[in-house]
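K.L.:
Here you go, this is work27.cif (mmCIF, C-alpha atoms).
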data_protein
loop_
_atom_site.label_atom_id
_atom_site.label_comp_id
_atom_site.auth_asym_id
_atom_site.auth_seq_id
_atom_site.Cartn_x
_atom_site.Cartn_y
_atom_site.Cartn_z
CA MET A 16 35.50 119.31 -7.81
CA ALA A 17 37.89 119.30 -4.85
CA ASP A 18 36.88 117.33 -1.77
CA ASP A 19 36.94 120.41 0.43
CA GLU A 20 34.67 122.48 -1.85
CA PRO A 21 31.03 122.64 -0.69
CA ALA A 22 28.52 121.10 -3.06
CA PRO A 23 26.26 123.54 -4.93
CA THR A 24 23.19 122.02 -3.30
CA THR A 25 24.72 122.62 0.14
CA ILE A 26 25.39 126.27 -0.72
CA THR A 27 21.81 126.69 -1.99
CA THR A 28 20.36 125.05 1.10
CA THR A 29 22.47 127.26 3.38
CA ALA A 30 21.48 130.40 1.47
CA ASN A 31 17.80 129.48 1.69
CA ALA A 32 18.10 128.82 5.41
CA LEU A 33 19.78 132.19 5.97
CA ALA A 34 17.10 133.93 3.91
CA GLN A 35 14.36 132.25 5.92
CA ALA A 36 16.09 133.21 9.17
CA ALA A 37 16.37 136.82 8.03
CA GLU A 38 12.68 136.92 7.08
CA PHE A 39 11.75 135.38 10.44
CA ALA A 40 13.88 137.97 12.28
CA LEU A 41 12.26 140.82 10.33
CA ALA A 42 8.78 139.41 10.99
CA SER A 43 9.59 139.18 14.69
CA LEU A 44 10.73 142.79 14.73
CA VAL A 45 7.52 143.76 12.94
CA ASN A 46 5.49 142.08 15.67
CA LEU A 47 7.52 143.59 18.49
CA GLY A 48 8.52 146.89 16.95
CA TRP A 49 5.39 148.79 17.87
CA THR A 50 5.89 148.05 21.59
CA TRP A 51 9.49 149.18 21.91
CA PRO A 52 9.58 151.41 24.99
CA ASN A 53 10.28 155.03 24.08
CA ILE A 54 12.28 155.43 27.27
CA ALA A 55 14.92 153.05 25.89
CA PHE A 56 15.51 155.28 22.90
CA ALA A 57 15.56 158.37 25.10
CA LEU A 58 18.17 156.90 27.48
CA ALA A 59 20.28 155.51 24.64
CA ALA A 60 20.21 158.81 22.76
CA ALA A 61 21.08 160.77 25.91
CA ALA A 62 23.90 158.42 26.88
CA THR A 63 25.36 158.44 23.39
CA ALA A 64 25.14 162.22 23.13
CA ALA A 65 26.75 162.62 26.59
CA THR A 66 29.82 160.68 25.58
CA GLY A 67 30.28 162.89 22.52
CA ARG A 68 31.96 160.00 20.73
CA PHE A 69 29.10 158.80 18.57
CA PRO A 70 27.25 161.86 17.23
CA ARG A 71 25.69 159.97 14.33
CA SER A 72 24.32 157.27 16.61
CA ALA A 73 22.87 159.91 18.92
CA THR A 74 21.21 161.63 15.98
CA ILE A 75 19.71 158.38 14.72
CA LEU A 76 18.42 157.39 18.14
CA GLY A 77 17.00 160.86 18.70
CA PHE A 78 15.24 160.75 15.34
CA ILE A 79 13.73 157.34 16.17
CA LEU A 80 12.44 158.73 19.45
CA PHE A 81 11.05 161.80 17.65
CA VAL A 82 9.17 159.62 15.17
CA ARG A 83 7.75 157.44 17.90
CA LEU A 84 6.56 160.43 19.89
CA ILE A 85 4.70 161.98 16.96
CA ARG A 86 1.07 161.15 17.54
CA PHE A 87 -1.87 161.25 15.22
CA PRO A 88 -5.07 162.53 16.83
CA GLU A 89 -6.70 159.73 18.78
CA GLY A 90 -10.35 158.71 18.86
CA PRO A 91 -12.96 159.15 16.13
CA ILE A 92 -12.04 161.32 13.15
CA SER A 93 -14.44 162.46 10.44
CA ARG A 94 -14.58 165.21 7.84
CA ASN A 95 -16.60 168.35 8.47
CA ASP A 96 -17.54 168.94 4.83
CA GLN A 97 -20.13 166.92 2.93
CA PRO A 98 -19.51 164.85 -0.22
CA ALA A 99 -20.56 166.40 -3.52
CA THR A 100 -21.98 163.07 -4.70
CA GLY A 101 -23.23 159.92 -3.04
CA ALA A 102 -24.58 159.58 0.47
CA MET A 103 -23.50 158.79 4.03
CA VAL A 104 -24.71 155.95 6.23
CA ASP A 105 -23.92 155.37 9.92
CA LEU A 106 -22.49 151.90 10.52
CA PRO A 107 -21.02 150.25 13.63
CA THR A 108 -17.59 150.52 11.96
CA GLY A 109 -18.13 154.23 11.31
CA ALA A 110 -19.97 156.61 9.01
CA THR A 111 -19.40 155.42 5.44
CA HIS A 112 -19.58 157.33 2.18
CA TYR A 113 -21.05 155.38 -0.74
CA GLU A 114 -22.45 156.03 -4.19
CA TRP A 115 -24.65 154.11 -6.61
CA LEU A 116 -23.91 154.21 -10.34
CA GLU A 117 -27.22 153.42 -11.98
CA SER A 118 -27.54 151.77 -15.40
CA THR A 119 -30.38 152.57 -17.80
CA THR A 120 -30.40 148.99 -19.15
CA LEU A 121 -30.07 146.46 -16.33
CA LEU A 122 -28.92 142.99 -17.31
CA SER A 123 -29.17 141.66 -13.74
CA GLU A 124 -30.90 142.61 -10.49
CA VAL A 125 -27.77 141.61 -8.55
CA PRO A 126 -25.55 144.70 -8.13
CA VAL A 127 -21.78 144.93 -8.50
CA VAL A 128 -19.70 146.26 -5.60
CA VAL A 129 -16.27 147.69 -6.43
CA VAL A 130 -13.79 148.05 -3.54
CA HIS A 131 -10.78 150.36 -3.91
CA GLY A 132 -7.22 149.85 -2.75
CA PHE A 133 -4.84 150.78 0.08
CA SER A 134 -4.47 154.53 -0.37
CA GLY A 135 -7.37 155.16 -2.75
CA ASP A 136 -10.96 156.26 -2.40
CA LEU A 137 -14.08 155.53 -4.43
CA ASN A 138 -12.97 157.97 -7.13
CA ASP A 139 -9.98 155.73 -7.88
CA VAL A 140 -12.26 152.95 -9.08
CA ARG A 141 -14.92 155.17 -10.65
CA PRO A 142 -13.59 154.64 -14.23
CA LEU A 143 -13.79 150.86 -13.77
CA ALA A 144 -17.18 151.11 -12.09
CA SER A 145 -18.46 153.29 -14.95
CA LYS A 146 -17.41 150.67 -17.49
CA ILE A 147 -19.30 148.01 -15.52
CA ARG A 148 -22.35 150.28 -15.28
CA ASP A 149 -22.27 150.92 -19.03
CA ALA A 150 -22.29 147.16 -19.56
CA GLY A 151 -25.72 147.03 -17.90
CA HIS A 152 -25.10 146.65 -14.16
CA ARG A 153 -25.99 148.65 -11.08
CA VAL A 154 -22.71 149.44 -9.33
CA LEU A 155 -21.94 150.38 -5.72
CA VAL A 156 -18.69 152.11 -4.77
CA TYR A 157 -17.71 153.31 -1.30
CA ASP A 158 -14.83 154.74 0.73
CA LEU A 159 -13.00 152.36 3.04
CA VAL A 160 -12.61 153.28 6.71
CA GLY A 161 -10.57 156.46 7.08
CA ARG A 162 -10.43 157.18 3.34
CA GLY A 163 -12.39 159.75 1.36
CA TYR A 164 -15.42 160.84 3.36
CA SER A 165 -15.67 157.69 5.50
CA ALA A 166 -14.97 158.19 9.19
CA CYS A 167 -12.38 156.45 11.33
CA ARG A 168 -13.20 155.43 14.90
CA GLY A 169 -9.59 154.69 15.83
CA GLU A 170 -9.68 150.86 15.83
CA ARG A 171 -6.88 148.80 14.37
CA HIS A 172 -7.31 148.52 10.62
CA THR A 173 -7.39 144.77 10.40
CA CYS A 174 -8.91 142.73 7.61
CA ARG A 175 -11.79 141.99 9.97
CA LEU A 176 -12.57 145.72 10.25
CA PHE A 177 -12.82 146.16 6.47
CA VAL A 178 -14.84 142.95 6.02
CA SER A 179 -17.21 144.13 8.75
CA GLN A 180 -17.62 147.49 7.05
CA LEU A 181 -18.54 145.82 3.75
CA SER A 182 -20.97 143.43 5.45
CA GLU A 183 -22.63 146.24 7.40
CA LEU A 184 -22.91 148.42 4.30
CA LEU A 185 -24.59 145.71 2.25
CA SER A 186 -27.01 145.00 5.10
CA ALA A 187 -27.81 148.69 5.56
CA LEU A 188 -28.51 149.06 1.84
CA GLN A 189 -30.51 145.80 1.81
CA VAL A 190 -28.23 144.04 -0.67
CA PRO A 191 -28.46 140.29 0.04
CA ARG A 192 -26.07 139.20 -2.74
CA ALA A 193 -23.57 140.98 -4.94
CA HIS A 194 -20.87 140.56 -7.56
CA LEU A 195 -17.69 141.66 -5.76
CA VAL A 196 -14.80 143.41 -7.50
CA GLY A 197 -11.74 144.24 -5.41
CA ASN A 198 -8.61 146.11 -6.42
CA SER A 199 -5.32 145.65 -4.53
CA LEU A 200 -6.26 145.91 -0.83
CA GLY A 201 -9.89 145.68 -1.95
CA GLY A 202 -9.08 142.31 -3.50
CA GLY A 203 -7.90 141.02 -0.14
CA ILE A 204 -11.03 142.40 1.51
CA VAL A 205 -13.53 140.82 -0.89
CA ILE A 206 -11.86 137.40 -0.94
CA GLU A 207 -11.87 137.35 2.88
CA PHE A 208 -15.50 138.50 2.80
CA ALA A 209 -16.30 135.57 0.48
CA ARG A 210 -14.61 133.22 2.94
CA TYR A 211 -17.00 134.17 5.74
CA PHE A 212 -20.10 135.12 3.73
CA PRO A 213 -20.12 132.83 0.69
CA GLN A 214 -23.92 132.94 0.55
CA ARG A 215 -23.74 136.68 -0.21
CA VAL A 216 -21.33 136.37 -3.14
CA GLU A 217 -22.56 136.00 -6.72
CA SER A 218 -19.08 136.21 -8.26
CA LEU A 219 -15.56 137.42 -7.45
CA ALA A 220 -13.22 139.57 -9.52
CA LEU A 221 -9.79 140.34 -8.06
CA VAL A 222 -7.55 142.96 -9.67
CA ALA A 223 -3.90 142.89 -8.54
CA PRO A 224 -5.03 141.58 -5.14
CA VAL A 225 -3.00 141.55 -1.95
CA GLY A 226 -2.99 138.44 0.20
CA LEU A 227 -0.31 136.16 -1.21
CA ARG A 228 2.97 138.03 -1.55
CA LEU A 229 4.28 141.58 -1.50
CA ALA A 230 7.39 142.72 -3.33
CA LYS A 231 10.34 142.98 -0.94
CA ARG A 232 10.44 146.75 -1.36
CA THR A 233 6.74 147.05 -0.57
CA TYR A 234 7.12 144.74 2.42
CA VAL A 235 9.89 146.88 3.89
CA LEU A 236 8.00 150.14 3.29
CA THR A 237 4.81 148.88 4.91
CA ARG A 238 5.90 146.32 7.49
CA ALA A 239 9.45 147.01 8.71
CA PRO A 240 9.67 148.67 12.13
CA LEU A 241 9.52 152.49 12.06
CA VAL A 242 9.58 152.77 8.26
CA PRO A 243 5.81 153.24 7.82
CA ASP A 244 5.82 155.55 10.87
CA VAL A 245 8.27 157.84 9.12
CA LEU A 246 6.45 157.65 5.78
CA PHE A 247 2.88 158.20 6.98
CA ARG A 248 3.59 160.52 9.91
CA CYS A 249 6.24 162.77 8.36
CA PHE A 250 6.12 162.42 4.57
CA LEU A 251 2.55 161.45 3.70
CA GLN A 252 2.19 163.29 0.39
CA PHE A 253 5.67 162.34 -0.81
CA SER A 254 5.05 158.69 0.08
CA LEU A 255 1.72 158.55 -1.75
CA LEU A 256 3.00 160.23 -4.91
CA PHE A 257 6.20 158.18 -4.96
CA GLY A 258 4.18 154.99 -4.61
CA LEU A 259 1.78 156.09 -7.32
CA GLU A 260 4.59 156.71 -9.78
CA TYR A 261 6.01 153.29 -8.94
CA GLU A 262 2.68 151.62 -9.73
CA TRP A 263 2.05 153.11 -13.19
CA ALA A 264 3.63 151.87 -16.39
CA ASP A 265 3.19 155.20 -18.22
CA VAL A 266 3.50 158.29 -16.04
CA LYS A 267 2.79 160.47 -19.10
CA ASN A 268 -0.75 159.11 -19.18
CA PRO A 269 -3.22 161.98 -18.51
CA LYS A 270 -5.09 159.74 -16.08
CA TYR A 271 -1.93 159.47 -13.99
CA ARG A 272 -1.62 163.25 -13.74
CA THR A 273 -5.29 163.50 -12.76
CA MET A 274 -4.75 160.98 -9.98
CA VAL A 275 -1.67 162.85 -8.73
CA GLN A 276 -3.70 166.04 -8.34
CA ALA A 277 -6.48 164.12 -6.59
CA TYR A 278 -4.01 162.64 -4.10
CA LYS A 279 -2.56 166.07 -3.32
CA ARG A 280 -6.06 167.35 -2.52
CA ARG A 281 -6.81 164.32 -0.39
CA VAL A 282 -3.69 164.76 1.76
CA ALA A 283 -4.85 168.31 2.52
CA GLU A 284 -8.52 167.48 3.06
CA GLU A 285 -8.71 164.03 4.70
CA PRO A 286 -7.86 164.27 8.43
CA ALA A 287 -7.81 160.50 9.02
CA LEU A 288 -5.82 159.46 5.94
CA GLY A 289 -2.33 159.22 7.42
CA ARG A 290 -3.49 157.45 10.58
CA SER A 291 -5.60 154.99 8.59
CA LEU A 292 -2.79 154.14 6.17
CA LEU A 293 -0.35 153.59 9.02
CA SER A 294 -2.79 151.37 10.92
CA THR A 295 -3.52 149.37 7.77
CA ALA A 296 0.20 148.94 7.09
CA ARG A 297 0.68 147.63 10.61
CA HIS A 298 -2.30 145.32 10.94
CA PHE A 299 -3.58 144.13 7.54
CA PRO A 300 -2.46 140.56 6.60
CA PHE A 301 -0.96 141.46 3.23
CA GLU A 302 0.65 138.02 2.79
CA GLN A 303 -1.53 135.80 4.99
CA LEU A 304 -4.74 135.37 2.97
CA GLY A 305 -3.83 132.03 1.44
CA PRO A 306 -6.67 130.30 3.34
CA ALA A 307 -9.14 132.78 1.86
CA PHE A 308 -7.88 132.03 -1.65
CA ALA A 309 -8.16 128.31 -0.90
CA ALA A 310 -11.73 128.84 0.32
CA ALA A 311 -12.48 130.61 -2.95
CA GLY A 312 -11.47 127.38 -4.67
CA ASP A 313 -14.46 125.72 -3.02
CA LEU A 314 -16.78 128.60 -3.88
CA LEU A 315 -19.18 127.45 -6.59
CA ARG A 316 -19.18 130.89 -8.16
CA PRO A 317 -17.20 132.45 -11.02
CA VAL A 318 -13.79 133.81 -9.98
CA LEU A 319 -11.75 136.17 -12.18
CA VAL A 320 -8.22 137.33 -11.33
CA VAL A 321 -6.51 140.10 -13.30
CA TRP A 322 -2.84 140.98 -12.84
CA GLY A 323 -0.22 143.08 -14.61
CA ASP A 324 2.88 141.14 -15.53
CA GLY A 325 5.00 144.11 -14.39
CA ASP A 326 3.33 144.57 -11.00
CA ARG A 327 6.11 145.56 -8.59
CA THR A 328 3.82 146.02 -5.57
CA CYS A 329 2.01 142.67 -5.48
CA PRO A 330 3.95 140.58 -8.01
CA CYS A 331 1.81 138.42 -10.26
CA GLN A 332 1.04 135.10 -8.54
CA ALA A 333 -0.85 133.45 -11.39
CA ARG A 334 0.62 130.01 -10.67
CA ASP A 335 -0.36 130.13 -6.98
CA VAL A 336 -3.86 131.37 -7.83
CA ARG A 337 -4.38 128.51 -10.29
CA ARG A 338 -3.21 126.07 -7.63
CA LEU A 339 -5.44 127.50 -4.88
CA VAL A 340 -8.42 128.35 -7.10
CA PRO A 341 -8.32 125.85 -9.99
CA ARG A 342 -11.60 127.11 -11.44
CA ALA A 343 -10.48 130.73 -11.60
CA ASP A 344 -9.99 132.57 -14.86
CA VAL A 345 -6.59 134.27 -14.61
CA VAL A 346 -5.83 137.13 -17.00
CA VAL A 347 -2.30 138.57 -17.12
CA VAL A 348 -2.08 142.00 -18.78
CA ARG A 349 1.23 142.48 -20.55
CA GLY A 350 3.04 145.73 -19.83
CA ALA A 351 0.83 146.63 -16.87
CA ARG A 352 1.94 147.37 -13.32
CA HIS A 353 -0.12 147.58 -10.15
CA CYS A 354 -2.57 150.25 -11.35
CA VAL A 355 -3.88 148.03 -14.14
CA TYR A 356 -7.42 148.77 -12.91
CA THR A 357 -7.09 152.45 -13.88
CA GLU A 358 -4.35 152.64 -16.49
CA PHE A 359 -5.77 149.95 -18.75
CA VAL A 360 -9.49 150.69 -18.38
#
Represent the structure from my file as structure tokens, please.

P.N.:
Amino acid sequence: MADDEPAPTTITTTANALAQAAEFALASLVNLGWTWPNIAFALAAAATAATGRFPRSATILGFILFVRLIRFPEGPISRNDQPATGAMVDLPTGATHYEWLESTTLLSEVPVVVVHGFSGDLNDVRPLASKIRDAGHRVLVYDLVGRGYSACRGERHTCRLFVSQLSELLSALQVPRAHLVGNSLGGGIVIEFARYFPQRVESLALVAPVGLRLAKRTYVLTRAPLVPDVLFRCFLQFSLLFGLEYEWADVKNPKYRTMVQAYKRRVAEEPALGRSLLSTARHFPFEQLGPAFAAAGDLLRPVLVVWGDGDRTCPCQARDVRRLVPRADVVVVRGARHCVYTEFV
């Protein structure tokens, strides 16, 4: 190797440093992007259009301003119609829709709570909940804030909000302890719940959970400035269906087609859905729940983690889970993507 050629280790170190700097810059924009003053875009678009020399730039700036000025309805939002099944309960975090799946042969008095994912509702996890019920358990499913029939008060959709909703629901239904099953976003919610309420957790089961790492594509779509605004304000149905197709291994599966039709109905019927998804994308710590996983390592309760080896939304982090939660049973399903909880049930 010539003396003036950089060593491979130097090139690798430089590349890693640049990658880290780029990630830091993007994270900084994420944190600041929601406070960009609209007047800046208006002035820039007007000035660019006035010169007549940069029509594309003027169009882009005008579109950014348009997106930022689109507003979802503010304040509390709830559905006017009533759910066909289940019941409603008023909680401090908002009216919540829930449903019990009763088993005829109970193996345990401790119920199982199944928490759905980012864009789902309780019907998404009903097939999984039914399997658990048929195995001899009483199962509780519910709609997260702003999804399904659950109301949305307009607060930021932080992890704390969802953990509070779960805690309030269990207290309202007089459930002191439960087996917790969380899918995707629900996995992040239940593991954070276990961090703060370990005495209320009988066991944990996490299916393709968020909290450790998102795929780069998913990170950009949910966290980059303006991108989720465009998706959830302007193209809600397209975004949901595109994401759903991305998360299934076999789009010819009849269950996939059933879910597609359900999502189309939900976009038309759920007034808070777009606002709730956007707020969750902005404020939920999709990659910052490492401490909660570490706390689960100290939890003297069974922990099960299930992941698809082809998950392109929350890539399988089996090695990190085994490091953070040494006692956990980690099951990797070959050929499965993110919707392993539905497609492979």

K.L.:
Any idea what the distance is between atom CA of A:Asp313 and atom CA of A:Val348?

P.N.:
25.8 Å

K.L.:
Please provide the set of residues having any atom within 10 Å of A:Arg338, restricted to all atoms listed in the file, with same-chain residues fewer than 3 positions apart removed, written as a list in words.

P.N.:
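Here the qualifying residues turn out to be Phe308, Ala309, Gly312, Ala333, Arg334, Asp335, Pro341, Arg342 and Ala343 of chain A.
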
K.L.:
As JSON, numbers by chain, please: the residues near A:Val321 (cut-off 6 Å, all atoms listed in the file, same-chain neighbours under 6 positions excluded).

P.N.:
{"A": [222, 345, 346, 347]}

K.L.:
Once the PyMOL selection byres ((chain A and resi 190-201) around 8) has been evaluated on this model, what residues remain selected, and can you format them as an MDAnalysis selection string?

P.N.:
chainID A and resid 125:133 185:189 202:205 214:225 329 353 356

K.L.:
Counting only C-alpha atoms, which residues have an atom no more than 6 Å from (-26.9, 148.3, -14.3) in the file's coordinates? Please list them as a ChimeraX atom specification.

P.N.:
/A:117-118,121,148,151-153

K.L.:
Write the selection just made, keeping C-alpha atoms, as a PDB file, in the coordinates of the input?

P.N.:
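File produced: selection.pdb:
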ATOM      1  CA  GLU A 117     -27.220 153.420 -11.980  1.00  0.00           C
ATOM      2  CA  SER A 118     -27.540 151.770 -15.400  1.00  0.00           C
ATOM      3  CA  LEU A 121     -30.070 146.460 -16.330  1.00  0.00           C
ATOM      4  CA  ARG A 148     -22.350 150.280 -15.280  1.00  0.00           C
ATOM      5  CA  GLY A 151     -25.720 147.030 -17.900  1.00  0.00           C
ATOM      6  CA  HIS A 152     -25.100 146.650 -14.160  1.00  0.00           C
ATOM      7  CA  ARG A 153     -25.990 148.650 -11.080  1.00  0.00           C
TER       8      ARG A 153
END

K.L.:
With all atoms listed in the file as the basis for distance, which of A:Ala311, A:Thr233, A:Val336, A:Gly169 is at the shortest distance from A:Tyr211?

P.N.:
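Looking at the shortest contact to A:Tyr211, the residue is A:Ala311.
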
K.L.:
Between stretch 163-276 of chain A and stretch 105-115 of chain A, at 6 Å or less, what are the per-residue closest atom pairs and their distances in Å? Count all atoms listed in the file, order by chain and rising residue number, and return it as JSON lines.

P.N.:
{"residue": "A:Tyr164", "atom": "CA", "partner": "A:His112", "partner_atom": "CA", "distance": 5.6}
{"residue": "A:Ser165", "atom": "CA", "partner": "A:Thr111", "partner_atom": "CA", "distance": 4.4}
{"residue": "A:Ala166", "atom": "CA", "partner": "A:Ala110", "partner_atom": "CA", "distance": 5.2}
{"residue": "A:Gln180", "atom": "CA", "partner": "A:Thr108", "partner_atom": "CA", "distance": 5.8}

K.L.:
Of the candidates A:Val340, A:Leu181, A:Leu116, A:Leu259, which one gets nearest to A:Leu314 if we count only C-alpha atoms?

P.N.:
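For A:Leu314, the nearest of the candidates is A:Val340.
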
K.L.:
What's the separation between atom CA of A:Ser291 and atom CA of A:Lys146, in Å to one decimal place?

P.N.:
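About the pair atom CA of A:Ser291 and atom CA of A:Lys146: they are 29.0 Å apart.
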
K.L.:
Report, in Å with one decimal, the straight-line distance from atom CA of A:Leu241 to atom CA of A:Asp136.

P.N.:
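Interatomic distance, atom CA of A:Leu241 to atom CA of A:Asp136: 25.4 Å.
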
K.L.:
Once the PyMOL selection byres ((chain A and resi 279) around 10) has been applied to the shown file, what residues remain in the selection, as a PyMOL selection string?

P.N.:
chain A and resi 251-253+255-256+274-278+280-284

K.L.:
Could you tell me, as a VMD selection string, exactly which residues end up selected when the PyMOL selection byres ((chain A and resi 172) around 6) is applied to this structure?

P.N.:
chain A and resid 171 173 176 294 to 295 298

K.L.:
Pick the closest to A:Gly135 from A:Arg168, A:Gly258, A:Leu122, A:Pro243: which is it, counting all atoms listed in the file?

P.N.:
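Comparing A:Arg168, A:Gly258, A:Leu122, A:Pro243 against A:Gly135, the winner is A:Gly258.
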
K.L.:
Restricted to all heavy atoms, what does stretch 132-140 of chain A look like when written out as a compact mmCIF listing (two decimals), in the first residue's frame?

P.N.:
# COMPACT_ATOMS: atom_id res chain seq x y z
N GLY A 132 -50.99 -2.14 17.58
CA GLY A 132 -49.88 -1.34 17.12
C GLY A 132 -50.23 0.07 16.67
O GLY A 132 -51.32 0.58 16.92
N PHE A 133 -49.29 0.70 15.97
CA PHE A 133 -49.30 2.12 15.62
C PHE A 133 -50.60 2.56 14.95
O PHE A 133 -51.27 3.48 15.41
CB PHE A 133 -48.11 2.40 14.70
CG PHE A 133 -48.03 3.80 14.17
CD1 PHE A 133 -47.60 4.84 14.97
CD2 PHE A 133 -48.38 4.08 12.86
CE1 PHE A 133 -47.52 6.14 14.49
CE2 PHE A 133 -48.30 5.36 12.35
CZ PHE A 133 -47.86 6.39 13.16
N SER A 134 -50.95 1.93 13.84
CA SER A 134 -52.11 2.38 13.08
C SER A 134 -53.31 1.46 13.24
O SER A 134 -54.33 1.65 12.58
CB SER A 134 -51.76 2.49 11.59
OG SER A 134 -51.29 1.24 11.11
N GLY A 135 -53.21 0.45 14.12
CA GLY A 135 -54.27 -0.54 14.24
C GLY A 135 -55.37 -0.13 15.20
O GLY A 135 -55.42 0.99 15.71
N ASP A 136 -56.28 -1.06 15.43
CA ASP A 136 -57.27 -0.95 16.48
C ASP A 136 -57.43 -2.34 17.09
O ASP A 136 -56.68 -3.26 16.74
CB ASP A 136 -58.60 -0.39 15.96
CG ASP A 136 -59.26 -1.30 14.92
OD1 ASP A 136 -58.72 -2.37 14.60
OD2 ASP A 136 -60.33 -0.93 14.41
N LEU A 137 -58.36 -2.52 18.00
CA LEU A 137 -58.46 -3.81 18.68
C LEU A 137 -58.78 -4.96 17.73
O LEU A 137 -58.47 -6.12 18.00
CB LEU A 137 -59.47 -3.74 19.83
CG LEU A 137 -60.95 -3.44 19.57
CD1 LEU A 137 -61.72 -4.66 19.07
CD2 LEU A 137 -61.59 -2.92 20.85
N ASN A 138 -59.41 -4.65 16.59
CA ASN A 138 -59.72 -5.71 15.64
C ASN A 138 -58.47 -6.29 14.99
O ASN A 138 -58.47 -7.43 14.54
CB ASN A 138 -60.67 -5.18 14.55
CG ASN A 138 -62.06 -4.92 15.09
OD1 ASN A 138 -62.67 -5.78 15.71
ND2 ASN A 138 -62.57 -3.71 14.87
N ASP A 139 -57.39 -5.51 14.94
CA ASP A 139 -56.14 -6.01 14.38
C ASP A 139 -55.60 -7.19 15.18
O ASP A 139 -55.01 -8.12 14.61
CB ASP A 139 -55.08 -4.90 14.35
CG ASP A 139 -55.21 -4.03 13.12
OD1 ASP A 139 -56.25 -4.10 12.45
OD2 ASP A 139 -54.27 -3.27 12.83
N VAL A 140 -55.75 -7.13 16.49
CA VAL A 140 -55.19 -8.18 17.34
C VAL A 140 -56.24 -9.19 17.78
O VAL A 140 -55.95 -10.07 18.59
CB VAL A 140 -54.49 -7.57 18.58
CG1 VAL A 140 -53.27 -6.77 18.16
CG2 VAL A 140 -55.45 -6.69 19.37
